[in-house]
>>> print(open('query.cif').read())   # mmCIF, C-alpha atoms
data_entry
loop_
_atom_site.group_PDB
_atom_site.id
_atom_site.type_symbol
_atom_site.label_atom_id
_atom_site.label_comp_id
_atom_site.auth_asym_id
_atom_site.auth_seq_id
_atom_site.Cartn_x
_atom_site.Cartn_y
_atom_site.Cartn_z
ATOM 1 C CA MET F 1 -23.259 -19.270 -29.671
ATOM 2 C CA THR F 2 -22.701 -21.322 -26.533
ATOM 3 C CA GLN F 3 -20.437 -24.331 -26.427
ATOM 4 C CA PHE F 4 -21.959 -27.833 -26.512
ATOM 5 C CA THR F 5 -21.073 -29.390 -23.143
ATOM 6 C CA PRO F 6 -22.632 -32.867 -22.986
ATOM 7 C CA LEU F 7 -20.377 -34.270 -20.244
ATOM 8 C CA ALA F 8 -20.538 -31.282 -17.875
ATOM 9 C CA SER F 9 -24.291 -31.082 -18.446
ATOM 10 C CA LEU F 10 -24.758 -34.793 -17.764
ATOM 11 C CA ILE F 11 -22.695 -34.590 -14.559
ATOM 12 C CA GLY F 12 -24.489 -31.425 -13.415
ATOM 13 C CA GLY F 13 -27.827 -33.065 -14.209
ATOM 14 C CA ALA F 14 -26.877 -36.134 -12.184
ATOM 15 C CA MET F 15 -26.064 -33.856 -9.215
ATOM 16 C CA ILE F 16 -29.517 -32.274 -9.527
ATOM 17 C CA GLY F 17 -31.094 -35.738 -9.627
ATOM 18 C CA LEU F 18 -29.059 -36.885 -6.616
ATOM 19 C CA SER F 19 -30.131 -33.824 -4.634
ATOM 20 C CA ALA F 20 -33.772 -34.611 -5.469
ATOM 21 C CA VAL F 21 -33.384 -38.246 -4.365
ATOM 22 C CA LEU F 22 -31.661 -37.284 -1.100
ATOM 23 C CA LEU F 23 -34.353 -34.690 -0.322
ATOM 24 C CA MET F 24 -36.952 -37.440 -0.768
ATOM 25 C CA LEU F 25 -34.905 -39.716 1.510
ATOM 26 C CA TRP F 26 -34.441 -37.026 4.157
ATOM 27 C CA GLU F 27 -37.862 -35.433 4.451
ATOM 28 C CA GLY F 28 -39.973 -37.059 1.800
ATOM 29 C CA ARG F 29 -40.433 -33.997 -0.369
ATOM 30 C CA ILE F 30 -40.212 -33.203 -4.055
ATOM 31 C CA ALA F 31 -37.257 -30.986 -5.024
ATOM 32 C CA GLY F 32 -39.432 -28.481 -6.866
ATOM 33 C CA ILE F 33 -37.727 -25.125 -6.665
ATOM 34 C CA SER F 34 -40.812 -23.017 -7.399
ATOM 35 C CA THR F 35 -42.609 -24.669 -4.491
ATOM 36 C CA ILE F 36 -39.604 -24.534 -2.158
ATOM 37 C CA ALA F 37 -39.062 -20.833 -2.937
ATOM 38 C CA GLY F 38 -42.764 -19.915 -3.151
ATOM 39 C CA ARG F 39 -43.506 -21.383 0.287
ATOM 40 C CA LEU F 40 -41.043 -18.917 1.780
ATOM 41 C CA LEU F 41 -43.964 -16.511 1.365
ATOM 42 C CA PRO F 42 -46.920 -16.771 3.765
ATOM 43 C CA PRO F 43 -49.224 -18.488 4.562
ATOM 44 C CA TYR F 44 -47.173 -21.183 6.315
ATOM 45 C CA LEU F 45 -49.302 -24.279 6.354
ATOM 46 C CA ASP F 46 -46.703 -26.933 7.111
ATOM 47 C CA GLY F 47 -43.639 -26.936 9.321
ATOM 48 C CA ALA F 48 -41.057 -26.941 6.538
ATOM 49 C CA PHE F 49 -40.115 -23.245 6.428
ATOM 50 C CA VAL F 50 -36.658 -23.694 7.956
ATOM 51 C CA SER F 51 -35.880 -26.585 5.602
ATOM 52 C CA ARG F 52 -36.894 -24.516 2.580
ATOM 53 C CA LEU F 53 -34.853 -21.561 3.760
ATOM 54 C CA GLY F 54 -31.828 -23.858 4.021
ATOM 55 C CA PHE F 55 -32.362 -25.244 0.510
ATOM 56 C CA VAL F 56 -32.704 -21.784 -1.019
ATOM 57 C CA ALA F 57 -29.627 -20.563 0.883
ATOM 58 C CA GLY F 58 -27.724 -23.502 -0.622
ATOM 59 C CA LEU F 59 -28.867 -22.559 -4.132
ATOM 60 C CA VAL F 60 -27.776 -18.950 -3.653
ATOM 61 C CA ALA F 61 -24.396 -20.025 -2.227
ATOM 62 C CA ALA F 62 -23.706 -22.610 -4.966
ATOM 63 C CA PRO F 63 -21.940 -20.414 -7.568
ATOM 64 C CA PHE F 64 -19.568 -19.126 -4.883
ATOM 65 C CA LEU F 65 -18.614 -22.685 -3.990
ATOM 66 C CA VAL F 66 -17.991 -23.440 -7.673
ATOM 67 C CA MET F 67 -15.871 -20.290 -8.061
ATOM 68 C CA ALA F 68 -13.899 -21.105 -4.908
ATOM 69 C CA VAL F 69 -13.150 -24.633 -6.145
ATOM 70 C CA THR F 70 -12.435 -23.864 -9.796
ATOM 71 C CA GLY F 71 -10.885 -20.434 -9.261
ATOM 72 C CA SER F 72 -12.678 -19.064 -12.320
ATOM 73 C CA PRO F 73 -15.837 -16.952 -12.647
ATOM 74 C CA VAL F 74 -19.200 -18.533 -13.430
ATOM 75 C CA GLN F 75 -20.243 -17.977 -17.032
ATOM 76 C CA GLN F 76 -23.553 -16.176 -17.143
ATOM 77 C CA THR F 77 -25.189 -13.909 -19.697
ATOM 78 C CA VAL F 78 -28.347 -12.313 -18.303
ATOM 79 C CA SER F 79 -30.363 -9.918 -20.421
ATOM 80 C CA GLY F 80 -29.996 -6.301 -19.318
ATOM 81 C CA ASN F 81 -33.410 -5.468 -20.755
ATOM 82 C CA LEU F 82 -35.039 -4.770 -17.407
ATOM 83 C CA PRO F 83 -38.696 -4.431 -18.529
ATOM 84 C CA LEU F 84 -38.286 -7.776 -20.313
ATOM 85 C CA MET F 85 -36.783 -9.400 -17.214
ATOM 86 C CA LEU F 86 -39.551 -7.915 -15.057
ATOM 87 C CA ALA F 87 -42.205 -9.424 -17.327
ATOM 88 C CA ALA F 88 -40.319 -12.735 -17.505
ATOM 89 C CA GLY F 89 -40.059 -12.926 -13.715
ATOM 90 C CA LEU F 90 -43.761 -12.179 -13.205
ATOM 91 C CA LEU F 91 -44.745 -14.810 -15.785
ATOM 92 C CA VAL F 92 -42.383 -17.474 -14.404
ATOM 93 C CA GLY F 93 -43.541 -16.857 -10.845
ATOM 94 C CA PHE F 94 -47.236 -16.728 -11.682
ATOM 95 C CA GLY F 95 -47.129 -19.690 -14.064
ATOM 96 C CA SER F 96 -45.129 -21.990 -11.817
ATOM 97 C CA GLU F 97 -47.431 -21.310 -8.873
ATOM 98 C CA TRP F 98 -50.562 -21.662 -11.015
ATOM 99 C CA GLY F 99 -49.352 -24.950 -12.501
ATOM 100 C CA ASN F 100 -47.943 -26.319 -9.215
ATOM 101 C CA GLY F 101 -44.387 -26.600 -10.432
ATOM 102 C CA CYS F 102 -41.560 -25.672 -12.753
ATOM 103 C CA THR F 103 -38.640 -27.253 -14.567
ATOM 104 C CA SER F 104 -37.485 -29.097 -11.449
ATOM 105 C CA GLY F 105 -40.750 -30.112 -9.810
ATOM 106 C CA HIS F 106 -42.518 -31.191 -12.999
ATOM 107 C CA GLY F 107 -39.567 -31.622 -15.351
ATOM 108 C CA VAL F 108 -37.163 -33.598 -13.160
ATOM 109 C CA CYS F 109 -39.108 -34.954 -10.183
ATOM 110 C CA GLY F 110 -42.464 -35.397 -11.917
ATOM 111 C CA LEU F 111 -41.089 -37.118 -15.003
ATOM 112 C CA SER F 112 -39.037 -39.417 -12.755
ATOM 113 C CA ARG F 113 -42.232 -40.413 -10.963
ATOM 114 C CA LEU F 114 -44.034 -40.800 -14.319
ATOM 115 C CA SER F 115 -46.700 -38.362 -13.089
ATOM 116 C CA ALA F 116 -49.285 -37.694 -15.801
ATOM 117 C CA ARG F 117 -49.755 -34.095 -14.636
ATOM 118 C CA SER F 118 -46.030 -33.453 -14.808
ATOM 119 C CA ILE F 119 -45.712 -35.022 -18.255
ATOM 120 C CA VAL F 120 -48.458 -32.669 -19.509
ATOM 121 C CA ALA F 121 -46.892 -29.687 -17.723
ATOM 122 C CA THR F 122 -43.409 -30.393 -19.105
ATOM 123 C CA ALA F 123 -44.683 -30.850 -22.654
ATOM 124 C CA VAL F 124 -46.614 -27.552 -22.414
ATOM 125 C CA PHE F 125 -43.825 -25.392 -20.980
ATOM 126 C CA MET F 126 -41.198 -26.839 -23.324
ATOM 127 C CA THR F 127 -43.415 -26.206 -26.341
ATOM 128 C CA VAL F 128 -44.378 -22.671 -25.309
ATOM 129 C CA ALA F 129 -40.777 -21.767 -24.441
ATOM 130 C CA ILE F 130 -39.506 -23.059 -27.796
ATOM 131 C CA VAL F 131 -42.214 -21.136 -29.647
ATOM 132 C CA THR F 132 -41.447 -18.007 -27.592
ATOM 133 C CA VAL F 133 -37.746 -18.143 -28.481
ATOM 134 C CA PHE F 134 -38.610 -18.800 -32.135
ATOM 135 C CA VAL F 135 -40.871 -15.738 -32.228
ATOM 136 C CA THR F 136 -38.496 -13.407 -30.363
ATOM 137 C CA ARG F 137 -35.389 -14.482 -32.295
ATOM 138 C CA HIS F 138 -36.639 -15.371 -35.760
ATOM 139 C CA VAL F 139 -39.951 -13.568 -36.254
ATOM 140 C CA ILE F 140 -39.595 -10.301 -34.334
ATOM 141 C CA GLY F 141 -35.832 -10.219 -33.937
ATOM 142 C CA GLY F 142 -35.000 -11.875 -37.271
ATOM 143 C CA MET H 1 -30.401 -30.156 11.617
ATOM 144 C CA SER H 2 -32.946 -30.052 8.801
ATOM 145 C CA PHE H 3 -31.667 -26.587 7.930
ATOM 146 C CA LEU H 4 -28.110 -27.902 7.490
ATOM 147 C CA VAL H 5 -29.165 -30.967 5.519
ATOM 148 C CA ASN H 6 -31.286 -28.779 3.236
ATOM 149 C CA LEU H 7 -28.449 -26.280 2.907
ATOM 150 C CA ALA H 8 -26.182 -29.105 1.722
ATOM 151 C CA LEU H 9 -28.846 -30.429 -0.684
ATOM 152 C CA GLY H 10 -29.521 -26.925 -2.015
ATOM 153 C CA LEU H 11 -25.787 -26.518 -2.565
ATOM 154 C CA LEU H 12 -25.618 -29.842 -4.415
ATOM 155 C CA PHE H 13 -28.612 -28.875 -6.560
ATOM 156 C CA GLY H 14 -27.202 -25.401 -7.224
ATOM 157 C CA VAL H 15 -23.719 -26.666 -8.060
ATOM 158 C CA GLY H 16 -25.427 -29.066 -10.466
ATOM 159 C CA LEU H 17 -27.208 -26.129 -12.110
ATOM 160 C CA VAL H 18 -23.951 -24.186 -12.446
ATOM 161 C CA VAL H 19 -21.804 -27.126 -13.615
ATOM 162 C CA SER H 20 -24.436 -28.193 -16.139
ATOM 163 C CA GLY H 21 -24.722 -24.714 -17.669
ATOM 164 C CA MET H 22 -28.408 -24.458 -16.777
ATOM 165 C CA SER H 23 -27.714 -21.366 -14.651
ATOM 166 C CA ASP H 24 -26.663 -19.432 -17.765
ATOM 167 C CA PRO H 25 -29.735 -17.947 -19.514
ATOM 168 C CA ALA H 26 -27.789 -17.700 -22.787
ATOM 169 C CA LYS H 27 -27.349 -21.472 -22.771
ATOM 170 C CA VAL H 28 -30.992 -22.047 -21.888
ATOM 171 C CA LEU H 29 -32.207 -19.775 -24.696
ATOM 172 C CA ASN H 30 -29.878 -21.471 -27.181
ATOM 173 C CA PHE H 31 -31.230 -24.844 -26.074
ATOM 174 C CA LEU H 32 -34.746 -23.595 -26.796
ATOM 175 C CA ASP H 33 -33.677 -22.105 -30.134
ATOM 176 C CA LEU H 34 -34.135 -25.151 -32.337
ATOM 177 C CA ALA H 35 -34.134 -23.053 -35.494
ATOM 178 C CA GLY H 36 -31.041 -21.030 -34.631
ATOM 179 C CA ALA H 37 -27.883 -21.471 -32.575
ATOM 180 C CA TRP H 38 -29.179 -24.727 -31.081
ATOM 181 C CA ASP H 39 -27.147 -25.976 -28.115
ATOM 182 C CA PRO H 40 -28.477 -29.424 -27.123
ATOM 183 C CA SER H 41 -26.506 -29.524 -23.829
ATOM 184 C CA LEU H 42 -29.513 -29.022 -21.601
ATOM 185 C CA ALA H 43 -31.114 -32.213 -22.848
ATOM 186 C CA PHE H 44 -28.204 -33.916 -21.092
ATOM 187 C CA VAL H 45 -29.007 -32.035 -17.868
ATOM 188 C CA MET H 46 -32.576 -33.264 -17.973
ATOM 189 C CA GLY H 47 -31.398 -36.739 -18.996
ATOM 190 C CA GLY H 48 -28.853 -37.007 -16.190
ATOM 191 C CA ALA H 49 -31.244 -35.681 -13.579
ATOM 192 C CA VAL H 50 -34.183 -37.863 -14.596
ATOM 193 C CA LEU H 51 -32.002 -40.972 -14.872
ATOM 194 C CA VAL H 52 -30.677 -40.570 -11.319
ATOM 195 C CA ALA H 53 -34.041 -39.545 -9.865
ATOM 196 C CA PHE H 54 -35.979 -42.290 -11.678
ATOM 197 C CA PHE H 55 -33.913 -45.065 -10.116
ATOM 198 C CA GLY H 56 -33.190 -43.213 -6.871
ATOM 199 C CA TYR H 57 -36.869 -42.562 -6.146
ATOM 200 C CA ARG H 58 -37.631 -46.236 -6.692
ATOM 201 C CA VAL H 59 -35.148 -47.190 -3.993
ATOM 202 C CA VAL H 60 -36.126 -44.434 -1.550
ATOM 203 C CA LEU H 61 -39.900 -44.815 -1.919
ATOM 204 C CA LYS H 62 -39.659 -48.504 -0.927
ATOM 205 C CA ARG H 63 -39.014 -47.286 2.614
ATOM 206 C CA ASP H 64 -41.870 -46.927 5.094
ATOM 207 C CA ARG H 65 -40.962 -43.310 5.781
ATOM 208 C CA PRO H 66 -38.265 -40.742 5.121
ATOM 209 C CA LEU H 67 -35.491 -40.203 7.671
ATOM 210 C CA ALA H 68 -36.706 -36.889 9.091
ATOM 211 C CA SER H 69 -40.471 -36.990 8.577
ATOM 212 C CA PRO H 70 -43.192 -39.477 9.526
ATOM 213 C CA THR H 71 -44.536 -39.650 5.963
ATOM 214 C CA PHE H 72 -43.663 -39.019 2.342
ATOM 215 C CA HIS H 73 -45.242 -35.864 0.907
ATOM 216 C CA VAL H 74 -45.544 -36.985 -2.695
ATOM 217 C CA PRO H 75 -48.199 -35.268 -4.819
ATOM 218 C CA ALA H 76 -51.098 -37.651 -5.241
ATOM 219 C CA ARG H 77 -53.095 -35.711 -7.819
ATOM 220 C CA LYS H 78 -53.711 -37.384 -11.144
ATOM 221 C CA ASP H 79 -56.473 -35.158 -12.571
ATOM 222 C CA ILE H 80 -55.678 -33.223 -15.720
ATOM 223 C CA ASP H 81 -57.405 -29.871 -15.167
ATOM 224 C CA ALA H 82 -57.106 -26.564 -17.021
ATOM 225 C CA ARG H 83 -54.517 -25.232 -14.598
ATOM 226 C CA ILE H 84 -51.998 -27.885 -15.562
ATOM 227 C CA PHE H 85 -52.074 -26.421 -19.096
ATOM 228 C CA VAL H 86 -52.477 -22.719 -18.290
ATOM 229 C CA GLY H 87 -49.834 -22.505 -15.558
ATOM 230 C CA PRO H 88 -47.037 -24.191 -17.526
ATOM 231 C CA ALA H 89 -47.976 -22.169 -20.645
ATOM 232 C CA ILE H 90 -47.514 -18.894 -18.729
ATOM 233 C CA PHE H 91 -44.357 -20.280 -17.154
ATOM 234 C CA GLY H 92 -42.986 -21.354 -20.550
ATOM 235 C CA LEU H 93 -43.590 -17.881 -21.985
ATOM 236 C CA GLY H 94 -41.601 -16.282 -19.165
ATOM 237 C CA TRP H 95 -38.873 -18.933 -19.403
ATOM 238 C CA GLY H 96 -38.525 -18.338 -23.127
ATOM 239 C CA LEU H 97 -38.357 -14.560 -22.667
ATOM 240 C CA GLY H 98 -35.791 -14.416 -19.873
ATOM 241 C CA GLY H 99 -33.988 -17.759 -20.019
ATOM 242 C CA PHE H 100 -34.466 -18.158 -16.278
ATOM 243 C CA CYS H 101 -36.569 -20.664 -14.398
ATOM 244 C CA PRO H 102 -36.738 -20.473 -10.590
ATOM 245 C CA GLY H 103 -33.690 -22.590 -9.625
ATOM 246 C CA PRO H 104 -31.173 -20.957 -11.977
ATOM 247 C CA ALA H 105 -32.510 -17.496 -11.105
ATOM 248 C CA LEU H 106 -31.816 -18.169 -7.422
ATOM 249 C CA THR H 107 -28.285 -19.436 -8.120
ATOM 250 C CA ALA H 108 -27.720 -16.239 -10.135
ATOM 251 C CA LEU H 109 -28.946 -13.950 -7.375
ATOM 252 C CA GLY H 110 -25.623 -13.508 -5.580
ATOM 253 C CA LEU H 111 -23.809 -12.742 -8.820
ATOM 254 C CA GLY H 112 -25.852 -9.563 -8.820
ATOM 255 C CA GLN H 113 -26.529 -8.854 -12.492
ATOM 256 C CA SER H 114 -29.232 -6.224 -12.956
ATOM 257 C CA GLY H 115 -31.495 -8.533 -14.978
ATOM 258 C CA THR H 116 -31.410 -11.111 -12.171
ATOM 259 C CA LEU H 117 -32.066 -8.515 -9.499
ATOM 260 C CA VAL H 118 -35.225 -7.502 -11.367
ATOM 261 C CA PHE H 119 -36.274 -11.053 -12.261
ATOM 262 C CA VAL H 120 -36.163 -12.642 -8.801
ATOM 263 C CA PRO H 121 -38.411 -10.155 -6.928
ATOM 264 C CA ALA H 122 -40.784 -10.176 -9.910
ATOM 265 C CA MET H 123 -40.880 -13.980 -9.723
ATOM 266 C CA PHE H 124 -41.844 -13.872 -6.041
ATOM 267 C CA ALA H 125 -44.451 -11.216 -6.831
ATOM 268 C CA GLY H 126 -45.884 -13.459 -9.555
ATOM 269 C CA MET H 127 -46.049 -16.402 -7.153
ATOM 270 C CA TRP H 128 -47.759 -14.234 -4.572
ATOM 271 C CA GLY H 129 -50.247 -12.979 -7.154
ATOM 272 C CA ALA H 130 -51.113 -16.504 -8.284
ATOM 273 C CA ARG H 131 -51.507 -17.543 -4.665
ATOM 274 C CA ARG H 132 -53.860 -14.663 -3.958
ATOM 275 C CA LEU H 133 -55.913 -15.406 -7.038
ATOM 276 C CA ALA H 134 -56.296 -19.050 -6.079
ATOM 277 C CA ASP H 135 -56.575 -18.620 -2.342
ATOM 278 C CA GLY H 136 -59.137 -21.294 -1.615
ATOM 279 C CA GLY H 137 -57.499 -23.738 -3.971
ATOM 280 C CA TYR H 138 -54.119 -23.219 -2.380
ATOM 281 C CA ALA H 139 -55.365 -24.002 1.089
ATOM 282 C CA ALA H 140 -57.153 -27.075 -0.205
ATOM 283 C CA ARG H 141 -54.223 -28.602 -2.027
ATOM 284 C CA THR H 142 -51.625 -28.110 0.682
ATOM 285 C CA ALA H 143 -53.882 -29.231 3.521
#
>>> encode(input="query.cif", output="structure tokens")
Amino acid sequence: MTQFTPLASLIGGAMIGLSAVLLMLWEGRIAGISTIAGRLLPPYLDGAFVSRLGFVAGLVAAPFLVMAVTGSPVQQTVSGNLPLMLAAGLLVGFGSEWGNGCTSGHGVCGLSRLSARSIVATAVFMTVAIVTVFVTRHVIGG
Amino acid sequence: MSFLVNLALGLLFGVGLVVSGMSDPAKVLNFLDLAGAWDPSLAFVMGGAVLVAFFGYRVVLKRDRPLASPTFHVPARKDIDARIFVGPAIFGLGWGLGGFCPGPALTALGLGQSGTLVFVPAMFAGMWGARRLADGGYAARTA
């Protein structure tokens, strides 16, 4: 069980949205993390490498800022099943690149722009993820 | 300058992921587990983010140009091709298995859990593989 945290989730979500809006204001780009992270790999076709490196550095530093401010550790339960996490990482990386985006690029930014492609993408990954969890927890794991 | 602005925006985004609970795979998997220990919190993350971005984008995109670039780089594609189904389906499978999508995985990196340390390099390898497989297409759509 995890605790239902509507207020913290709403506030955190609003921060994510604000970051996306400010990135659009600053350099006119979508705050899609799979694209920002994926373009740290070559080939470099636009001049935004340094910007992307900064954004990713901020993401990596974020939990340490939260821990410094709150003085308590960040709650996180990651599976220790390493073959599973290897497969999950490969699938997430491949799929987000193949579909031009992930939860942030399609889910947050794309839905906010009412992009048809992002609406399709979000519906597909939500559905598949829900089915995947149902199968692993209630069919296989049940 | 752009590095520092992006660092600050990445921090804001990442703090949002941590505060919202999205950076915890257990919470993500419980959100996806409609038939089990369902935790609806993450609907509020999506709701909060989309609400702010929906109205914020409308204000920002009225400008002629962004502050630090001559033009907006907003995806213009509207075609619904096979890749927009296949890619997210593969992504959703991985998301449902591990509970990580790219942003939360990166915020988890410094916390150094073994699952994260395997997931993140695998994610980059997957991106690289997809890029290689679609080489021509990649060059065309980022040109």
>>> atom_distance(input="query.cif", atom1="CA of Gly99 (chain F)", atom2="CA of Gly98 (chain H)")
18.7 Å
>>> atom_distance(input="query.cif", atom1="CA of Ile16 (chain F)", atom2="CA of Val60 (chain F)")
14.7 Å
>>> resolve_selection(input="query.cif", expression="the PyMOL selection byres ((chain F and resi 85) around 8)", output="PyMOL selection string")
(chain F and resi 79-84+86-89) or (chain H and resi 97-98+115-116+118-119)
>>> resolve_selection(input="query.cif", expression="the PyMOL selection byres ((chain H and resi 62-78) around 9)", output="compact mmCIF listing (two decimals) with C-alpha atoms, in the frame of the given file")
# COMPACT_ATOMS: atom_id res chain seq x y z
CA MET F 24 -36.95 -37.44 -0.77
CA LEU F 25 -34.90 -39.72 1.51
CA TRP F 26 -34.44 -37.03 4.16
CA GLU F 27 -37.86 -35.43 4.45
CA GLY F 28 -39.97 -37.06 1.80
CA ARG F 29 -40.43 -34.00 -0.37
CA ILE F 30 -40.21 -33.20 -4.06
CA SER F 115 -46.70 -38.36 -13.09
CA ALA F 116 -49.28 -37.69 -15.80
CA ARG F 117 -49.76 -34.10 -14.64
CA SER H 2 -32.95 -30.05 8.80
CA TYR H 57 -36.87 -42.56 -6.15
CA ARG H 58 -37.63 -46.24 -6.69
CA VAL H 59 -35.15 -47.19 -3.99
CA VAL H 60 -36.13 -44.43 -1.55
CA LEU H 61 -39.90 -44.82 -1.92
CA ASP H 79 -56.47 -35.16 -12.57
CA ILE H 80 -55.68 -33.22 -15.72
>>> atom_distance(input="query.cif", atom1="CA of Met22 (chain H)", atom2="CA of Leu42 (chain H)")
6.7 Å
>>> resolve_selection(input="query.cif", expression="the PyMOL selection byres ((chain F and resi 110) around 10)", output="compact mmCIF listing (two decimals) with C-alpha atoms, in the frame of the given file")
# COMPACT_ATOMS: atom_id res chain seq x y z
CA ILE F 30 -40.21 -33.20 -4.06
CA ALA F 31 -37.26 -30.99 -5.02
CA GLY F 32 -39.43 -28.48 -6.87
CA GLY F 101 -44.39 -26.60 -10.43
CA CYS F 102 -41.56 -25.67 -12.75
CA THR F 103 -38.64 -27.25 -14.57
CA SER F 104 -37.48 -29.10 -11.45
CA GLY F 105 -40.75 -30.11 -9.81
CA HIS F 106 -42.52 -31.19 -13.00
CA GLY F 107 -39.57 -31.62 -15.35
CA VAL F 108 -37.16 -33.60 -13.16
CA CYS F 109 -39.11 -34.95 -10.18
CA LEU F 111 -41.09 -37.12 -15.00
CA SER F 112 -39.04 -39.42 -12.76
CA ARG F 113 -42.23 -40.41 -10.96
CA LEU F 114 -44.03 -40.80 -14.32
CA SER F 115 -46.70 -38.36 -13.09
CA ALA F 116 -49.28 -37.69 -15.80
CA ARG F 117 -49.76 -34.10 -14.64
CA SER F 118 -46.03 -33.45 -14.81
CA ILE F 119 -45.71 -35.02 -18.26
CA ALA F 121 -46.89 -29.69 -17.72
CA THR F 122 -43.41 -30.39 -19.10
CA VAL H 50 -34.18 -37.86 -14.60
CA ALA H 53 -34.04 -39.54 -9.86
CA PHE H 54 -35.98 -42.29 -11.68
CA VAL H 74 -45.54 -36.98 -2.70
CA PRO H 75 -48.20 -35.27 -4.82
>>> closest_residue(input="query.cif", among="F:Val69, F:Ile140, F:Ala57, F:Ile36", to="chain H", atoms="only C-alpha atoms")
F:Ala57
>>> build_atoms(input="query.cif", residues="region 11-25 of chain H", atoms="N, CA and C atoms", output="PDB file, in the coordinates of the input")
ATOM      1  N   LEU H  11     -27.115 -26.730  -1.976  1.00  0.00           N
ATOM      2  CA  LEU H  11     -25.787 -26.518  -2.565  1.00  0.00           C
ATOM      3  C   LEU H  11     -25.535 -27.527  -3.678  1.00  0.00           C
ATOM      4  N   LEU H  12     -25.828 -28.794  -3.407  1.00  0.00           N
ATOM      5  CA  LEU H  12     -25.618 -29.842  -4.415  1.00  0.00           C
ATOM      6  C   LEU H  12     -26.456 -29.554  -5.663  1.00  0.00           C
ATOM      7  N   PHE H  13     -27.713 -29.191  -5.448  1.00  0.00           N
ATOM      8  CA  PHE H  13     -28.612 -28.875  -6.560  1.00  0.00           C
ATOM      9  C   PHE H  13     -28.076 -27.671  -7.337  1.00  0.00           C
ATOM     10  N   GLY H  14     -27.676 -26.636  -6.598  1.00  0.00           N
ATOM     11  CA  GLY H  14     -27.202 -25.401  -7.224  1.00  0.00           C
ATOM     12  C   GLY H  14     -25.886 -25.597  -7.968  1.00  0.00           C
ATOM     13  N   VAL H  15     -24.980 -26.371  -7.371  1.00  0.00           N
ATOM     14  CA  VAL H  15     -23.719 -26.666  -8.060  1.00  0.00           C
ATOM     15  C   VAL H  15     -24.028 -27.438  -9.345  1.00  0.00           C
ATOM     16  N   GLY H  16     -25.002 -28.341  -9.266  1.00  0.00           N
ATOM     17  CA  GLY H  16     -25.427 -29.066 -10.466  1.00  0.00           C
ATOM     18  C   GLY H  16     -25.921 -28.116 -11.545  1.00  0.00           C
ATOM     19  N   LEU H  17     -26.701 -27.114 -11.138  1.00  0.00           N
ATOM     20  CA  LEU H  17     -27.208 -26.129 -12.110  1.00  0.00           C
ATOM     21  C   LEU H  17     -26.059 -25.351 -12.742  1.00  0.00           C
ATOM     22  N   VAL H  18     -25.070 -24.979 -11.928  1.00  0.00           N
ATOM     23  CA  VAL H  18     -23.951 -24.186 -12.446  1.00  0.00           C
ATOM     24  C   VAL H  18     -23.059 -25.048 -13.349  1.00  0.00           C
ATOM     25  N   VAL H  19     -22.692 -26.235 -12.853  1.00  0.00           N
ATOM     26  CA  VAL H  19     -21.804 -27.126 -13.615  1.00  0.00           C
ATOM     27  C   VAL H  19     -22.442 -27.509 -14.955  1.00  0.00           C
ATOM     28  N   SER H  20     -23.752 -27.726 -14.928  1.00  0.00           N
ATOM     29  CA  SER H  20     -24.436 -28.193 -16.139  1.00  0.00           C
ATOM     30  C   SER H  20     -24.625 -27.091 -17.168  1.00  0.00           C
ATOM     31  N   GLY H  21     -24.502 -25.831 -16.751  1.00  0.00           N
ATOM     32  CA  GLY H  21     -24.722 -24.714 -17.669  1.00  0.00           C
ATOM     33  C   GLY H  21     -26.135 -24.177 -17.629  1.00  0.00           C
ATOM     34  N   MET H  22     -27.005 -24.854 -16.859  1.00  0.00           N
ATOM     35  CA  MET H  22     -28.408 -24.458 -16.777  1.00  0.00           C
ATOM     36  C   MET H  22     -28.578 -23.076 -16.120  1.00  0.00           C
ATOM     37  N   SER H  23     -27.590 -22.655 -15.340  1.00  0.00           N
ATOM     38  CA  SER H  23     -27.714 -21.366 -14.651  1.00  0.00           C
ATOM     39  C   SER H  23     -27.372 -20.193 -15.565  1.00  0.00           C
ATOM     40  N   ASP H  24     -26.979 -20.491 -16.807  1.00  0.00           N
ATOM     41  CA  ASP H  24     -26.663 -19.432 -17.765  1.00  0.00           C
ATOM     42  C   ASP H  24     -27.823 -19.250 -18.744  1.00  0.00           C
ATOM     43  N   PRO H  25     -28.560 -18.131 -18.636  1.00  0.00           N
ATOM     44  CA  PRO H  25     -29.735 -17.947 -19.514  1.00  0.00           C
ATOM     45  C   PRO H  25     -29.381 -18.035 -21.002  1.00  0.00           C
TER      46      PRO H  25
END
